[in-house]
$ cat work-v2.txt   # compact mmCIF, C-alpha atoms
# COMPACT_ATOMS: atom_id res chain seq x y z
CA MET I 777 19.66 -62.36 24.31
CA THR I 778 16.37 -60.81 23.21
CA THR I 779 13.70 -60.63 25.89
CA SER I 780 9.99 -60.00 25.76
CA HIS I 781 8.84 -56.39 25.55
CA SER I 782 11.85 -55.67 23.32
CA GLU I 783 12.81 -55.78 19.70
CA ALA I 784 13.16 -59.01 17.82
CA THR I 785 16.53 -59.82 16.31
CA ILE I 786 16.29 -59.92 12.52
CA SER I 787 19.19 -61.12 10.41
CA ALA I 788 19.87 -61.89 6.77
CA ASP I 789 21.91 -64.90 5.79
CA PRO I 790 24.85 -63.81 3.58
CA ASP I 791 24.86 -67.02 1.51
CA VAL I 792 21.18 -67.94 1.10
CA PRO I 793 18.15 -65.62 0.65
CA ILE I 794 16.86 -66.25 4.17
CA VAL I 795 15.56 -63.89 6.84
CA ARG I 796 15.85 -65.12 10.42
CA ILE I 797 13.95 -63.68 13.38
CA VAL I 798 14.52 -64.57 17.04
CA ARG I 799 12.58 -63.34 20.06
CA ASP I 800 12.04 -64.61 23.59
CA PHE I 801 8.63 -64.55 25.27
CA ASP I 802 7.47 -64.87 28.86
CA ALA I 803 5.05 -67.65 27.94
CA PRO I 804 5.07 -71.42 27.53
CA ALA I 805 5.57 -72.81 24.02
CA GLU I 806 2.05 -74.27 23.96
CA LEU I 807 0.53 -70.83 24.47
CA LEU I 808 2.66 -69.26 21.72
CA MET I 809 1.70 -72.07 19.34
CA ARG I 810 -1.97 -71.47 20.19
CA ALA I 811 -1.58 -67.73 19.46
CA HIS I 812 -0.16 -68.60 16.03
CA LEU I 813 -2.77 -71.24 15.16
CA ASP I 814 -6.02 -69.88 16.66
CA ALA I 815 -7.51 -67.52 14.05
CA GLU I 816 -9.09 -65.14 16.58
CA LEU I 817 -5.89 -64.82 18.61
CA PHE I 818 -3.72 -64.48 15.49
CA CYS I 819 -5.83 -61.56 14.22
CA ARG I 820 -5.40 -59.73 17.52
CA TRP I 821 -1.60 -59.55 17.31
CA VAL I 822 -0.25 -59.98 13.79
CA GLY I 823 1.23 -56.96 12.03
CA PRO I 824 1.92 -53.34 12.87
CA ASP I 825 -0.23 -51.10 15.06
CA GLY I 826 -3.33 -49.70 13.40
CA MET I 827 -3.84 -52.75 11.19
CA GLU I 828 -7.10 -54.70 11.43
CA THR I 829 -6.77 -58.33 10.39
CA GLU I 830 -9.50 -60.76 9.39
CA THR I 831 -9.03 -64.40 8.47
CA VAL I 832 -11.10 -65.55 5.50
CA ASP I 833 -9.74 -69.10 5.30
CA TRP I 834 -8.02 -70.83 8.21
CA ASP I 835 -7.22 -74.55 8.51
CA PRO I 836 -4.16 -74.76 10.81
CA THR I 837 -3.45 -78.44 10.26
CA THR I 838 -0.74 -80.28 8.35
CA GLY I 839 -1.81 -79.89 4.72
CA GLY I 840 -4.20 -77.04 5.58
CA ARG I 841 -4.29 -73.53 4.19
CA TRP I 842 -4.72 -69.97 5.36
CA ARG I 843 -5.70 -66.57 3.96
CA TYR I 844 -6.20 -63.25 5.67
CA VAL I 845 -6.66 -59.60 4.88
CA ALA I 846 -5.04 -56.74 6.79
CA ARG I 847 -6.72 -53.34 6.53
CA ARG I 848 -5.52 -49.82 7.34
CA ASP I 849 -6.42 -46.36 6.07
CA GLY I 850 -8.83 -47.75 3.48
CA ASN I 851 -6.22 -50.11 2.01
CA GLU I 852 -6.37 -53.90 1.99
CA TYR I 853 -3.38 -56.25 1.98
CA TRP I 854 -4.12 -59.90 1.26
CA PHE I 855 -1.88 -62.79 2.33
CA ARG I 856 -2.18 -66.54 1.82
CA GLY I 857 -0.31 -69.78 2.24
CA CYS I 858 -0.38 -73.44 3.14
CA PHE I 859 0.46 -75.19 6.37
CA HIS I 860 2.92 -77.89 5.35
CA GLU I 861 3.52 -79.12 8.89
CA VAL I 862 1.90 -78.28 12.19
CA GLY I 863 3.84 -80.13 14.86
CA GLU I 864 4.17 -79.96 18.61
CA ARG I 865 6.86 -77.26 18.55
CA ARG I 866 7.12 -76.34 14.86
CA ILE I 867 5.08 -74.78 12.07
CA VAL I 868 6.21 -74.98 8.44
CA GLN I 869 4.16 -72.91 6.01
CA THR I 870 4.28 -70.93 2.81
CA PHE I 871 3.68 -67.18 2.84
CA THR I 872 2.59 -65.04 -0.11
CA TRP I 873 1.60 -61.39 -0.21
CA GLU I 874 -1.02 -61.34 -2.96
CA GLY I 875 0.32 -57.97 -4.16
CA GLN I 876 3.36 -59.94 -5.34
CA PRO I 877 1.86 -63.40 -6.03
CA GLU I 878 4.99 -64.79 -7.69
CA GLY I 879 6.96 -64.33 -4.46
CA VAL I 880 6.46 -67.35 -2.21
CA ALA I 881 8.41 -67.74 1.01
CA LEU I 882 8.90 -71.00 2.88
CA GLU I 883 8.69 -70.25 6.60
CA THR I 884 9.68 -72.41 9.54
CA LEU I 885 8.75 -71.36 13.06
CA THR I 886 10.16 -73.23 16.03
CA PHE I 887 9.15 -72.78 19.65
CA GLU I 888 12.02 -73.62 22.00
CA ASP I 889 11.16 -74.18 25.67
CA LEU I 890 13.68 -72.19 27.73
CA GLY I 891 12.25 -73.38 31.05
CA GLY I 892 10.56 -71.25 33.67
CA GLY I 893 7.59 -70.56 31.39
CA ARG I 894 9.75 -68.85 28.74
CA THR I 895 9.99 -69.66 25.05
CA ARG I 896 12.35 -68.64 22.26
CA LEU I 897 10.55 -68.20 18.95
CA ARG I 898 12.74 -68.69 15.90
CA SER I 899 11.41 -67.89 12.46
CA GLN I 900 13.20 -68.55 9.19
CA SER I 901 11.85 -67.36 5.82
CA LEU I 902 13.45 -68.62 2.63
CA VAL I 903 12.54 -66.33 -0.28
CA ASP I 904 13.12 -66.63 -4.02
CA SER I 905 16.06 -64.25 -4.36
CA PHE I 906 18.43 -61.94 -2.54
CA GLU I 907 16.55 -59.04 -4.14
CA ASP I 908 13.26 -60.25 -2.61
CA ARG I 909 14.96 -60.75 0.75
CA ASP I 910 16.39 -57.25 0.70
CA GLN I 911 12.98 -55.80 -0.23
CA TRP I 912 11.45 -57.57 2.79
CA LEU I 913 14.13 -56.10 5.05
CA ALA I 914 13.63 -52.59 3.64
CA SER I 915 9.83 -52.76 3.88
CA GLY I 916 9.51 -51.74 7.52
CA MET I 917 9.61 -55.36 8.60
CA GLN I 918 11.32 -54.58 11.93
CA THR I 919 8.57 -52.17 12.98
CA GLY I 920 5.76 -54.53 11.99
CA ILE I 921 7.34 -57.46 13.78
CA ASP I 922 8.16 -55.51 16.94
CA GLN I 923 4.70 -53.98 17.15
CA GLY I 924 3.04 -57.31 16.39
CA TYR I 925 5.08 -59.14 19.02
CA ALA I 926 4.30 -56.40 21.58
CA LYS I 927 0.60 -57.08 20.90
CA LEU I 928 1.32 -60.80 21.23
CA ASP I 929 2.81 -60.11 24.69
CA ALA I 930 -0.48 -58.41 25.64
CA VAL I 931 -2.60 -61.28 24.28
CA ILE I 932 -0.50 -63.77 26.22
CA ALA I 933 -0.84 -61.70 29.40
CA GLU I 934 -4.65 -61.70 28.96
CA LEU I 935 -4.61 -65.47 28.58
CA GLY I 936 -2.84 -65.79 31.89
CA ALA I 937 0.71 -66.68 30.99

$ encode --input "work-v2.txt" --output "structure tokens"
Amino acid sequence: MTTSHSEATISADPDVPIVRIVRDFDAPAELLMRAHLDAELFCRWVGPDGMETETVDWDPTTGGRWRYVARRDGNEYWFRGCFHEVGERRIVQTFTWEGQPEGVALETLTFEDLGGGRTRLRSQSLVDSFEDRDQWLASGMQTGIDQGYAKLDAVIAELGA
């Protein structure tokens, strides 16, 4: 089992171009959902250390859209997508890095209540090809996710979880 303050488990499906991420948090599901949907909170934790993130469009509702820019060392990285479903324990959205606008991932995040104020976050990203999936995995994804989730732990602690 993965616990908070540790690495996320990232796996690649051998039959479908999907990346799966699983990590447990010492926080209730409602608080994790809030940290994913509240623009100010999201900017505080998403991405690797040293990245500053700013949302420029943020409508976290079913049918809404999002766009943000991440900045580091004078470089800007733009991302965008649409919220297809924002449910009680699930977010379904598209994800596009604007540096590769033809590559659109369909992401599903589920927030599983483990009891005792703990939640298992499961993320699944379906990409266009095995090549795209393998590029994601080779991009430093593990570091960015682990550092981002460590920051999310700190945000959650500040919020009183």

$ residues_around --input "work-v2.txt" --residues "segment 800-804 of chain I" --least-positions-apart "6" --cutoff "12 Å" --atoms "all atoms listed in the file" --output "VMD selection string"
chain I and resid 777 to 785 810 to 811 865 886 to 899 922 925 to 937

$ atom_distance --input "work-v2.txt" --atom1 "atom CA of Gln911 of chain I" --atom2 "atom CA of Arg856 of chain I"
18.7 Å

$ residues_near_point --input "work-v2.txt" --point "(-3.4, -70.3, 4.2)" --cutoff "9 Å" --atoms "all atoms listed in the file" --output "list in words"
Asp833, Trp834, Asp835, Pro836, Gly840, Arg841, Trp842, Arg843, Tyr844, Phe855, Arg856, Gly857, Cys858, Phe859, Gln869, Thr870 and Phe871 of chain I

$ atom_distance --input "work-v2.txt" --atom1 "atom CA of Gly823 of chain I" --atom2 "atom CA of Asn851 of chain I"
14.2 Å

$ atom_distance --input "work-v2.txt" --atom1 "atom CA of Ala914 of chain I" --atom2 "atom CA of Leu885 of chain I"
21.6 Å

$ closest_residue --input "work-v2.txt" --among "I:Gly924, I:Ser905, I:Tyr853, I:Val832" --to "Glu816 of chain I" --atoms "only C-alpha atoms"
I:Val832

$ closest_residue --input "work-v2.txt" --among "I:Ser901, I:Trp821, I:Trp873, I:Asp789" --to "Leu808 of chain I" --atoms "only C-alpha atoms"
I:Trp821

$ closest_residue --input "work-v2.txt" --among "I:Ala805, I:Ala846, I:Val903, I:Ile921" --to "Arg866 of chain I" --atoms "all atoms listed in the file"
I:Ala805

$ closest_residue --input "work-v2.txt" --among "I:Met917, I:Val880, I:Ile867, I:Leu902" --to "His812 of chain I" --atoms "all atoms listed in the file"
I:Ile867

$ axis_aligned_box --input "work-v2.txt" --around "segment 830-833 of chain I" --padding-each-side "5 Å" --output "JSON"
{"center_x": -10.1, "center_y": -64.9, "center_z": 7.3, "size_x": 12.1, "size_y": 18.3, "size_z": 14.1}

$ closest_residue --input "work-v2.txt" --among "I:Thr831, I:Arg847, I:Val822, I:Leu813" --to "Glu864 of chain I" --atoms "all atoms listed in the file"
I:Leu813

$ build_atoms --input "work-v2.txt" --residues "segment 855-870 of chain I" --atoms "N, CA and C atoms" --output "PDB file, in the coordinates of the input"
ATOM      1  N   PHE I 855      -2.961 -61.821   2.142  1.00  0.00           N
ATOM      2  CA  PHE I 855      -1.880 -62.790   2.330  1.00  0.00           C
ATOM      3  C   PHE I 855      -2.487 -64.191   2.313  1.00  0.00           C
ATOM      4  N   ARG I 856      -1.694 -65.160   1.834  1.00  0.00           N
ATOM      5  CA  ARG I 856      -2.180 -66.540   1.820  1.00  0.00           C
ATOM      6  C   ARG I 856      -1.004 -67.507   1.899  1.00  0.00           C
ATOM      7  N   GLY I 857      -1.327 -68.742   2.205  1.00  0.00           N
ATOM      8  CA  GLY I 857      -0.310 -69.780   2.240  1.00  0.00           C
ATOM      9  C   GLY I 857      -0.901 -71.118   2.613  1.00  0.00           C
ATOM     10  N   CYS I 858      -0.008 -72.083   2.769  1.00  0.00           N
ATOM     11  CA  CYS I 858      -0.380 -73.440   3.140  1.00  0.00           C
ATOM     12  C   CYS I 858       0.414 -73.859   4.370  1.00  0.00           C
ATOM     13  N   PHE I 859      -0.239 -74.583   5.245  1.00  0.00           N
ATOM     14  CA  PHE I 859       0.460 -75.190   6.370  1.00  0.00           C
ATOM     15  C   PHE I 859       1.017 -76.529   5.900  1.00  0.00           C
ATOM     16  N   HIS I 860       2.316 -76.633   5.774  1.00  0.00           N
ATOM     17  CA  HIS I 860       2.920 -77.890   5.350  1.00  0.00           C
ATOM     18  C   HIS I 860       3.086 -78.848   6.521  1.00  0.00           C
ATOM     19  N   GLU I 861       3.380 -78.294   7.692  1.00  0.00           N
ATOM     20  CA  GLU I 861       3.520 -79.120   8.890  1.00  0.00           C
ATOM     21  C   GLU I 861       3.101 -78.289  10.096  1.00  0.00           C
ATOM     22  N   VAL I 862       2.235 -78.860  10.905  1.00  0.00           N
ATOM     23  CA  VAL I 862       1.900 -78.280  12.190  1.00  0.00           C
ATOM     24  C   VAL I 862       2.236 -79.351  13.221  1.00  0.00           C
ATOM     25  N   GLY I 863       3.368 -79.152  13.890  1.00  0.00           N
ATOM     26  CA  GLY I 863       3.840 -80.130  14.860  1.00  0.00           C
ATOM     27  C   GLY I 863       3.692 -79.612  16.279  1.00  0.00           C
ATOM     28  N   GLU I 864       4.274 -80.326  17.198  1.00  0.00           N
ATOM     29  CA  GLU I 864       4.170 -79.960  18.610  1.00  0.00           C
ATOM     30  C   GLU I 864       4.908 -78.663  18.920  1.00  0.00           C
ATOM     31  N   ARG I 865       6.050 -78.445  18.278  1.00  0.00           N
ATOM     32  CA  ARG I 865       6.860 -77.260  18.550  1.00  0.00           C
ATOM     33  C   ARG I 865       7.342 -76.587  17.267  1.00  0.00           C
ATOM     34  N   ARG I 866       6.643 -76.859  16.135  1.00  0.00           N
ATOM     35  CA  ARG I 866       7.120 -76.340  14.860  1.00  0.00           C
ATOM     36  C   ARG I 866       5.952 -76.144  13.903  1.00  0.00           C
ATOM     37  N   ILE I 867       6.035 -75.046  13.149  1.00  0.00           N
ATOM     38  CA  ILE I 867       5.080 -74.780  12.070  1.00  0.00           C
ATOM     39  C   ILE I 867       5.901 -74.511  10.816  1.00  0.00           C
ATOM     40  N   VAL I 868       5.591 -75.221   9.742  1.00  0.00           N
ATOM     41  CA  VAL I 868       6.210 -74.980   8.440  1.00  0.00           C
ATOM     42  C   VAL I 868       5.074 -74.580   7.499  1.00  0.00           C
ATOM     43  N   GLN I 869       5.234 -73.419   6.861  1.00  0.00           N
ATOM     44  CA  GLN I 869       4.160 -72.910   6.010  1.00  0.00           C
ATOM     45  C   GLN I 869       4.741 -72.093   4.868  1.00  0.00           C
ATOM     46  N   THR I 870       3.917 -71.887   3.851  1.00  0.00           N
ATOM     47  CA  THR I 870       4.280 -70.930   2.810  1.00  0.00           C
ATOM     48  C   THR I 870       3.632 -69.599   3.156  1.00  0.00           C
TER      49      THR I 870
END
